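Below is one structure; the comments refer to it alone.
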Amino acid sequence: MEKYNPQEIEKKWQKIWEKNKASKMDKDNLKKKFYVLDMFPYPSGTGLHMGHTESYTASDVFYRFKKMQGFNVLHPQGFDSFGLPAENFAIKTGIHPSETTKKNMENYIRQMKSLGFAYDFDEQAVTSDPGYYKWTQWIFGKFFENGLVYKKTTKTNWCRSCQTVIANEQVAEGKCERCGTDIELKEVPSWFFKITDFAEELINDLDKVDWPEHTKKNQRNWIGKSEGATVSFEIKISNENGISNDKFPISNQFSNSNNQIPKQTIEVFTTRVDTIFGCTYLVVAPEHPLIKNQELGIKNQDEIGEYVKKAKNKTELDRMEAKDKTGVEIKGIKAVNPFNGEQVPVFVADYVLGGYGTGAVMAVPAHDERDWEFAKKYELPIRYVIAPLCGSYQRPSMNDYKTYETLEGLKKQIINDKNDEVVKSILTECKISKKAHINDGITIYSDKYSFLNSEQARQKMTEWLKKEGLGKKIVNYRLRDWSISRQRYWGCPIPIVYSPKGEARFVGEENLPWTLPADVDFVPTGVAPLAKSEELKKRVENIFGKGWTAEYDTMDTFVDSSWYFLRYSDPHDDKAFCSKERLEWLPVDLYIGGAEHTYMHLLFARFFVKAMKKIGLLDFDEPFLKLRHQGMVLDAQGKKMSKSKGNVVNPDEMIEKFGADSVRTYMLFAAPLEDEVMWNEQNIVGVYRFFEKVWNYVESWNESYEKDIADNKNNIEFYKKSGDDGPDFRTASRLHKTIKKVSEDIENLKFNTAVSQLMIFVNYIREDKGIGKFLKESMDVPMTIPQLEKLIILLSPFAPHITEELWEKLGHKESIFNEEWPEYDEKLIADEEVEMVVQVNGKVRDKIIVSADISEDDAKQKALSSEKVQAHLSGEVKKIIFVKGKLVNVVV
RNA sequence: GCCUCGGUGGUGAAAUUGGUAUACACGUUGGACUCAAAAUCCAAUAGUAGCAAUACUGUGAGAGUUCGAGUCUCUCCCGAGGCACCA
């Protein structure tokens, strides 16, 4: 008997698959098509990490499963090969990024092949390949022509260390996500994609896709839609004699309305107009134009100027670390609340953001936490105008909240109660609780808007504002346009040239790919590396004429990865990013990848599809119909793997030690796909032993078979018995239950339980002693040829190498992956007898074997006649519950 | 602070979605084989009491709904991840 030697057979089959081009597929056949996609990796110098290994195994298993079910499955792989690490490496060593990248990709491909992943590497998408980025640039051109790209000089996040602009999404805690340097704000001209145009669709269309709920929720939060209203507060200017009514026309660039407001006003944005009677002051952001307005006669101009200057010097991090809210009152002006005519002070404070809403807010400390903090610090009045509907706290006068659940109830209570007990107790409660009450409730002390619930109040107040021309309903998004310019070398060149007058122009389709020049110095100087290229300079002048200059920035690498899934079905096309016919493969049916891409990549890819659809390049609106995340792979102690901790596990070593089949299967067996997996070398031996058992079973099966034939024994009929129902119903039934369970579990990506079911079945055929005598040489439960073949097919998606080998040992010349996935037989999985649990008052007292279709009456009778049950039947039987095929519960 | 998941043996984890809690795997202990070790095989493995059959307790804590709760409801505790002045 041969020993299971994974290293040997795995290399053997990898060679054969390579030679036979086993992963080739017919992309023009759209019958029963299925597109399963992995998030392609950045080819780093350290090679494939364990996280990739897990998710790529998951998709590979799924791919093989679907393929054997008769689907034509597209299962591609590629490389997100532009990016900073290769460039930083070049700065250090002088080795050109293209060389590093090429070498790393070769290593990745070697590793993926050594894990047995069935990718066709002739059909890759490689983002740094001119044949690919030609189309990145082409799409950029289309966006440009259709007004979805614009250039703007703004304060942008700038990383001093990377010497480049960073997208909002790439800033973490005020630091550069990649290198950890503090982000500063710098005025930089930058190209933007108009992703905000699609904010609404990006939220709504999440309803159309099958994604994890938390991922959808996070995307919605990130886009951050809030519905509210603008309100204009008139400014009163006080002169030495007091308040004057002088009116100056000023333009407010923060205003959302095009109509000029004739009076001097401050426009605020609020989602809680219902609290406006509780507004006790106004706050404007340090960037607000109001404070630069000389005509207002602001008395403490110097003090304010100093505060603003300080605020501007603060980095994002400083702002966040500041525990205390700070601000300065703008002396000499007051703002008038349009609802009650009250004059309230105006402050400038950096807790209000210049870039959101109108850059000014009405402060209602009673019902907003930030305003509460500020008001407490500067001893500003706090006025409660919302009564809680039902609270989580108890108080004697409001212990029965139901009384107040209707507006009428509350109103009546307040009116009836001469002492205003309820209101008083609300106020007391709010004061005692030492915090703002931010929830919706019922308006009080709000003049004619009192005794409305918050929603109604907002509606009525907004209506009035609109009628009076003092405000209107608006929707605000947190999402900003996507800044894509990077002052780096190793990225896709932005295909723009500037005329001598400085006008930007797309280089034109005929000049694509607009190649990345080779003659540059990578060392960052704050000037974009491409500016140093002579070749680029000459190219521009040759094509466009003297005085024309190139755009020197390259694109954010998230642009490259925002459309790569569109390229895979047609990666060699040089007439289109993807031909019309091949575009039929889209959208992606199943996308598997890390949860860290919840915001950026997934949002940007969705934006691309929507934008391309708008232009008419596509006809679907969501790129990924079903999305699942894989969990993180941790070390044996449950710690994150990191270079600095030195606990990074290298897949190569593990394959060398246990074989690819065991590595693959263990990754999926150890925990559910979406959970964290601890990489524990001690545990993987369990999977290795499992394959050894399977191997040994087939080996001894084969030996018996050959021996029986040599001895001219009469067992041949048994082996060849064509049906699955073999001589032993038990084996057939268990096999078919296994087929059912494994098929359903793979379909639902529950690989861990699929593997355990296979283990249960293999334990069964290896263990049984009762009928094992059938084959003399073995203690195993015998299986017929069709049964054994089905078992090996069930194992094949997880362990392609060992199953190919065993398949061959059973005398097959063709690959196992050309076989059909087995289907289960309902008749075989139906049990004739079942174990029925008998409970007394919900406690298990006995288990009896009954026929599966036992009638209710028979079951009850049997249950009652059980001795063990009777021992617990003291007193009268009140009720008997019967659950078919499961249990009887006797209630006494 | 807010949002989203989680909390089940010594460990990784199952549990047909309200119906036998701990499948499968690792580890541990004992046994077989061996001169011995490794490997392999067999047995035990939630806790307490008992020779045992068995009984009681048990899914982070507490309450509730139910004939019956790991699963549903409420309150609280703990852990992980994400967001964080977005008005």
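In the structure tokens, chains take letters A, B, ... by order of appearance, with residues numbered from 1 within each chain and ligands from 1 in the order shown.
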_Neighbours of chain A in chain B at 6 Å, counting only C-alpha atoms (C1' of nucleotides), as a PyMOL selection string_ = chain B and resi 4+24+26+68+85-87
The selected residues should be written to file as a tab-separated table (two decimals), in the first residue's frame (atoms: all heavy atoms).
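Writing the result to out-v1.tsv gives the following:
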```tsv
chain	number	residue	atom	x	y	z
B	4	U	P	-26.89	49.18	15.24
B	4	U	OP1	-28.17	48.90	14.57
B	4	U	OP2	-26.80	49.14	16.71
B	4	U	O5'	-25.77	48.21	14.64
B	4	U	C5'	-25.59	48.11	13.24
B	4	U	C4'	-24.40	47.23	12.96
B	4	U	O4'	-23.20	47.85	13.48
B	4	U	C3'	-24.42	45.88	13.65
B	4	U	O3'	-25.28	44.97	13.00
B	4	U	C2'	-22.95	45.49	13.60
B	4	U	O2'	-22.57	45.04	12.33
B	4	U	C1'	-22.29	46.84	13.89
B	4	U	N1	-21.97	47.01	15.32
B	4	U	C2	-20.81	46.41	15.80
B	4	U	O2	-20.07	45.75	15.10
B	4	U	N3	-20.55	46.62	17.15
B	4	U	C4	-21.33	47.34	18.03
B	4	U	O4	-20.96	47.44	19.19
B	4	U	C5	-22.51	47.92	17.46
B	4	U	C6	-22.78	47.74	16.16
B	24	C	P	-18.70	13.53	16.19
B	24	C	OP1	-18.77	12.19	15.58
B	24	C	OP2	-18.17	13.70	17.57
B	24	C	O5'	-17.87	14.49	15.24
B	24	C	C5'	-17.95	14.38	13.81
B	24	C	C4'	-17.09	15.44	13.16
B	24	C	O4'	-17.64	16.76	13.45
B	24	C	C3'	-15.65	15.53	13.69
B	24	C	O3'	-14.82	14.56	13.09
B	24	C	C2'	-15.28	16.95	13.30
B	24	C	O2'	-15.02	17.06	11.92
B	24	C	C1'	-16.57	17.69	13.63
B	24	C	N1	-16.59	18.17	15.03
B	24	C	C2	-15.93	19.38	15.34
B	24	C	O2	-15.35	19.98	14.42
B	24	C	N3	-15.93	19.83	16.61
B	24	C	C4	-16.55	19.13	17.56
B	24	C	N4	-16.53	19.62	18.80
B	24	C	C5	-17.23	17.91	17.28
B	24	C	C6	-17.23	17.46	16.01
B	26	C	P	-8.19	15.41	15.34
B	26	C	OP1	-7.12	14.71	14.60
B	26	C	OP2	-9.11	14.67	16.21
B	26	C	O5'	-7.53	16.58	16.20
B	26	C	C5'	-6.63	17.50	15.59
B	26	C	C4'	-6.33	18.63	16.55
B	26	C	O4'	-7.57	19.27	16.95
B	26	C	C3'	-5.71	18.23	17.87
B	26	C	O3'	-4.32	17.96	17.75
B	26	C	C2'	-6.00	19.46	18.71
B	26	C	O2'	-5.14	20.53	18.35
B	26	C	C1'	-7.42	19.79	18.26
B	26	C	N1	-8.43	19.16	19.15
B	26	C	C2	-8.64	19.75	20.41
B	26	C	O2	-7.99	20.75	20.73
B	26	C	N3	-9.54	19.20	21.26
B	26	C	C4	-10.23	18.12	20.88
B	26	C	N4	-11.11	17.61	21.75
B	26	C	C5	-10.03	17.50	19.61
B	26	C	C6	-9.13	18.05	18.78
B	68	G	P	-43.05	25.87	29.65
B	68	G	OP1	-42.48	25.95	31.01
B	68	G	OP2	-43.69	27.07	29.06
B	68	G	O5'	-41.92	25.34	28.67
B	68	G	C5'	-41.10	24.24	29.09
B	68	G	C4'	-40.20	23.81	27.97
B	68	G	O4'	-41.01	23.38	26.85
B	68	G	C3'	-39.31	24.89	27.37
B	68	G	O3'	-38.16	25.08	28.17
B	68	G	C2'	-39.00	24.31	26.00
B	68	G	O2'	-38.01	23.31	26.09
B	68	G	C1'	-40.33	23.65	25.64
B	68	G	N9	-41.17	24.51	24.81
B	68	G	C8	-42.27	25.22	25.19
B	68	G	N7	-42.82	25.89	24.21
B	68	G	C5	-42.02	25.59	23.12
B	68	G	C6	-42.11	26.03	21.76
B	68	G	O6	-42.95	26.78	21.25
B	68	G	N1	-41.09	25.50	20.98
B	68	G	C2	-40.11	24.66	21.44
B	68	G	N2	-39.22	24.26	20.53
B	68	G	N3	-40.01	24.24	22.69
B	68	G	C4	-40.99	24.74	23.47
B	85	C	P	-15.11	64.27	13.90
B	85	C	OP1	-14.11	64.17	12.83
B	85	C	OP2	-14.66	64.48	15.30
B	85	C	O5'	-16.21	65.37	13.51
B	85	C	C5'	-17.55	64.99	13.62
B	85	C	C4'	-18.17	65.55	14.91
B	85	C	O4'	-17.14	65.93	15.86
B	85	C	C3'	-19.01	66.80	14.64
B	85	C	O3'	-20.25	66.66	15.29
B	85	C	C2'	-18.19	67.91	15.29
B	85	C	O2'	-19.01	68.92	15.80
B	85	C	C1'	-17.49	67.16	16.43
B	85	C	N1	-16.27	67.84	16.88
B	85	C	C2	-16.25	68.39	18.16
B	85	C	O2	-17.25	68.28	18.88
B	85	C	N3	-15.13	69.03	18.57
B	85	C	C4	-14.09	69.11	17.76
B	85	C	N4	-13.02	69.74	18.20
B	85	C	C5	-14.09	68.56	16.45
B	85	C	C6	-15.20	67.94	16.04
B	86	C	P	-21.37	65.70	14.67
B	86	C	OP1	-22.60	66.13	15.36
B	86	C	OP2	-20.97	64.29	14.72
B	86	C	O5'	-21.47	66.08	13.13
B	86	C	C5'	-22.34	67.14	12.67
B	86	C	C4'	-22.83	66.77	11.29
B	86	C	O4'	-21.77	67.04	10.37
B	86	C	C3'	-23.17	65.27	11.19
B	86	C	O3'	-24.55	64.97	11.10
B	86	C	C2'	-22.25	64.72	10.08
B	86	C	O2'	-22.95	64.04	9.08
B	86	C	C1'	-21.54	65.94	9.52
B	86	C	N1	-20.08	65.70	9.44
B	86	C	C2	-19.47	65.64	8.18
B	86	C	O2	-20.17	65.80	7.19
B	86	C	N3	-18.15	65.43	8.10
B	86	C	C4	-17.43	65.25	9.22
B	86	C	N4	-16.13	65.04	9.09
B	86	C	C5	-18.02	65.31	10.50
B	86	C	C6	-19.35	65.53	10.57
B	87	A	P	-25.69	65.45	10.60
B	87	A	OP1	-26.76	64.48	10.51
B	87	A	OP2	-25.26	66.21	9.42
B	87	A	O5'	-26.11	66.45	11.73
B	87	A	C5'	-27.04	67.45	11.43
B	87	A	C4'	-27.11	68.40	12.60
B	87	A	O4'	-25.78	68.64	13.10
B	87	A	C3'	-27.64	69.78	12.23
B	87	A	O3'	-29.05	69.81	12.28
B	87	A	C2'	-27.01	70.67	13.27
B	87	A	O2'	-27.70	70.60	14.48
B	87	A	C1'	-25.64	70.02	13.41
B	87	A	N9	-24.66	70.62	12.49
B	87	A	C8	-24.85	71.12	11.23
B	87	A	N7	-23.77	71.58	10.67
B	87	A	C5	-22.80	71.39	11.63
B	87	A	C6	-21.44	71.67	11.65
B	87	A	N6	-20.79	72.23	10.64
B	87	A	N1	-20.75	71.35	12.76
B	87	A	C2	-21.41	70.78	13.77
B	87	A	N3	-22.69	70.46	13.87
B	87	A	C4	-23.34	70.79	12.76
```
*Non-local contacts of Lys152 (chain A) (8 Å; only C-alpha atoms (C1' of nucleotides); under 2 positions in same chain excluded) as a PyMOL selection string*: chain A and resi 150+154+189-192
_Length of the CA of Tyr688 (chain A) to CA of Ile109 (chain A) vector [Å]_ =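 Calculated distance between CA of Tyr688 (chain A) and CA of Ile109 (chain A) is 24.8 Å.
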*Could you find all residues in region 466-687 of chain A that DSSP calls alpha helix (DSSP H) from the backbone, and write them as a PyMOL selection string?*
chain A and resi 466-468+534-544+557-560+600-615+651-658+660-669+681-687
*Select from region 329-388 of chain A everything DSSP, run on the backbone, classes as strand (DSSP E or B), then give the selection as a PyMOL selection string.*
chain A and resi 329-336+343-349+360-363+386-388
*asked:* For U40 (chain B), find every residue with an atom within 12 Å (counting only C-alpha atoms (C1' of nucleotides)), except residues of its own chain fewer than 2 positions away, and show them as number ranges by chain.
replied: A: 689, 692-693, 696; B: 32-34, 38, 42
Put those residues in a file: N, CA and C atoms (P, O5', C5', C4', C3', O3' and C1' of nucleotides), as an mmCIF file, in the first residue's frame.
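What landed in again_19.cif:
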```cif
data_model
loop_
_atom_site.group_PDB
_atom_site.id
_atom_site.type_symbol
_atom_site.label_atom_id
_atom_site.label_comp_id
_atom_site.auth_asym_id
_atom_site.auth_seq_id
_atom_site.Cartn_x
_atom_site.Cartn_y
_atom_site.Cartn_z
ATOM 1 N N ARG A 689 -4.750 14.127 8.746
ATOM 2 C CA ARG A 689 -5.146 12.755 9.089
ATOM 3 C C ARG A 689 -6.389 12.330 8.320
ATOM 4 N N GLU A 692 -5.421 11.368 4.955
ATOM 5 C CA GLU A 692 -4.711 10.101 5.056
ATOM 6 C C GLU A 692 -5.708 8.942 5.136
ATOM 7 N N LYS A 693 -6.751 9.166 5.922
ATOM 8 C CA LYS A 693 -7.793 8.143 6.057
ATOM 9 C C LYS A 693 -8.441 7.868 4.714
ATOM 10 N N ASN A 696 -5.979 5.981 2.533
ATOM 11 C CA ASN A 696 -5.831 4.591 2.934
ATOM 12 C C ASN A 696 -7.068 3.763 2.601
ATOM 13 P P A B 32 -2.005 -2.161 27.592
ATOM 14 O "O5'" A B 32 -2.417 -2.410 26.066
ATOM 15 C "C5'" A B 32 -3.365 -3.423 25.733
ATOM 16 C "C4'" A B 32 -3.565 -3.476 24.243
ATOM 17 C "C3'" A B 32 -2.295 -3.696 23.430
ATOM 18 O "O3'" A B 32 -1.959 -5.076 23.362
ATOM 19 C "C1'" A B 32 -3.537 -1.921 22.488
ATOM 20 P P C B 33 -0.400 -5.535 23.448
ATOM 21 O "O5'" C B 33 0.194 -5.007 22.067
ATOM 22 C "C5'" C B 33 -0.260 -5.569 20.830
ATOM 23 C "C4'" C B 33 0.329 -4.784 19.677
ATOM 24 C "C3'" C B 33 1.839 -4.612 19.730
ATOM 25 O "O3'" C B 33 2.511 -5.744 19.194
ATOM 26 C "C1'" C B 33 0.820 -2.527 19.260
ATOM 27 P P U B 34 3.680 -6.450 20.008
ATOM 28 O "O5'" U B 34 4.815 -5.330 20.007
ATOM 29 C "C5'" U B 34 5.427 -4.916 18.793
ATOM 30 C "C4'" U B 34 6.376 -3.782 19.051
ATOM 31 C "C3'" U B 34 7.351 -3.993 20.196
ATOM 32 O "O3'" U B 34 8.457 -4.786 19.810
ATOM 33 C "C1'" U B 34 6.436 -1.812 20.319
ATOM 34 P P A B 38 5.688 8.413 22.096
ATOM 35 O "O5'" A B 38 5.779 8.689 20.527
ATOM 36 C "C5'" A B 38 6.392 9.883 20.033
ATOM 37 C "C4'" A B 38 6.606 9.777 18.544
ATOM 38 C "C3'" A B 38 5.338 9.563 17.722
ATOM 39 O "O3'" A B 38 4.659 10.765 17.464
ATOM 40 C "C1'" A B 38 7.001 8.028 17.042
ATOM 41 P P C B 42 -10.275 3.597 15.801
ATOM 42 O "O5'" C B 42 -10.407 2.930 17.232
ATOM 43 C "C5'" C B 42 -10.866 1.584 17.361
ATOM 44 C "C4'" C B 42 -10.826 1.181 18.814
ATOM 45 C "C3'" C B 42 -11.540 2.140 19.766
ATOM 46 O "O3'" C B 42 -12.934 1.940 19.779
ATOM 47 C "C1'" C B 42 -9.431 1.571 20.661
#
```
*May I have the residues within 7 Å of region 71-84 of chain B as JSON, numbers by chain, using only C-alpha atoms (C1' of nucleotides) and disregarding those fewer than 2 positions away in the same chain?*
{"B": [18, 61, 69]}
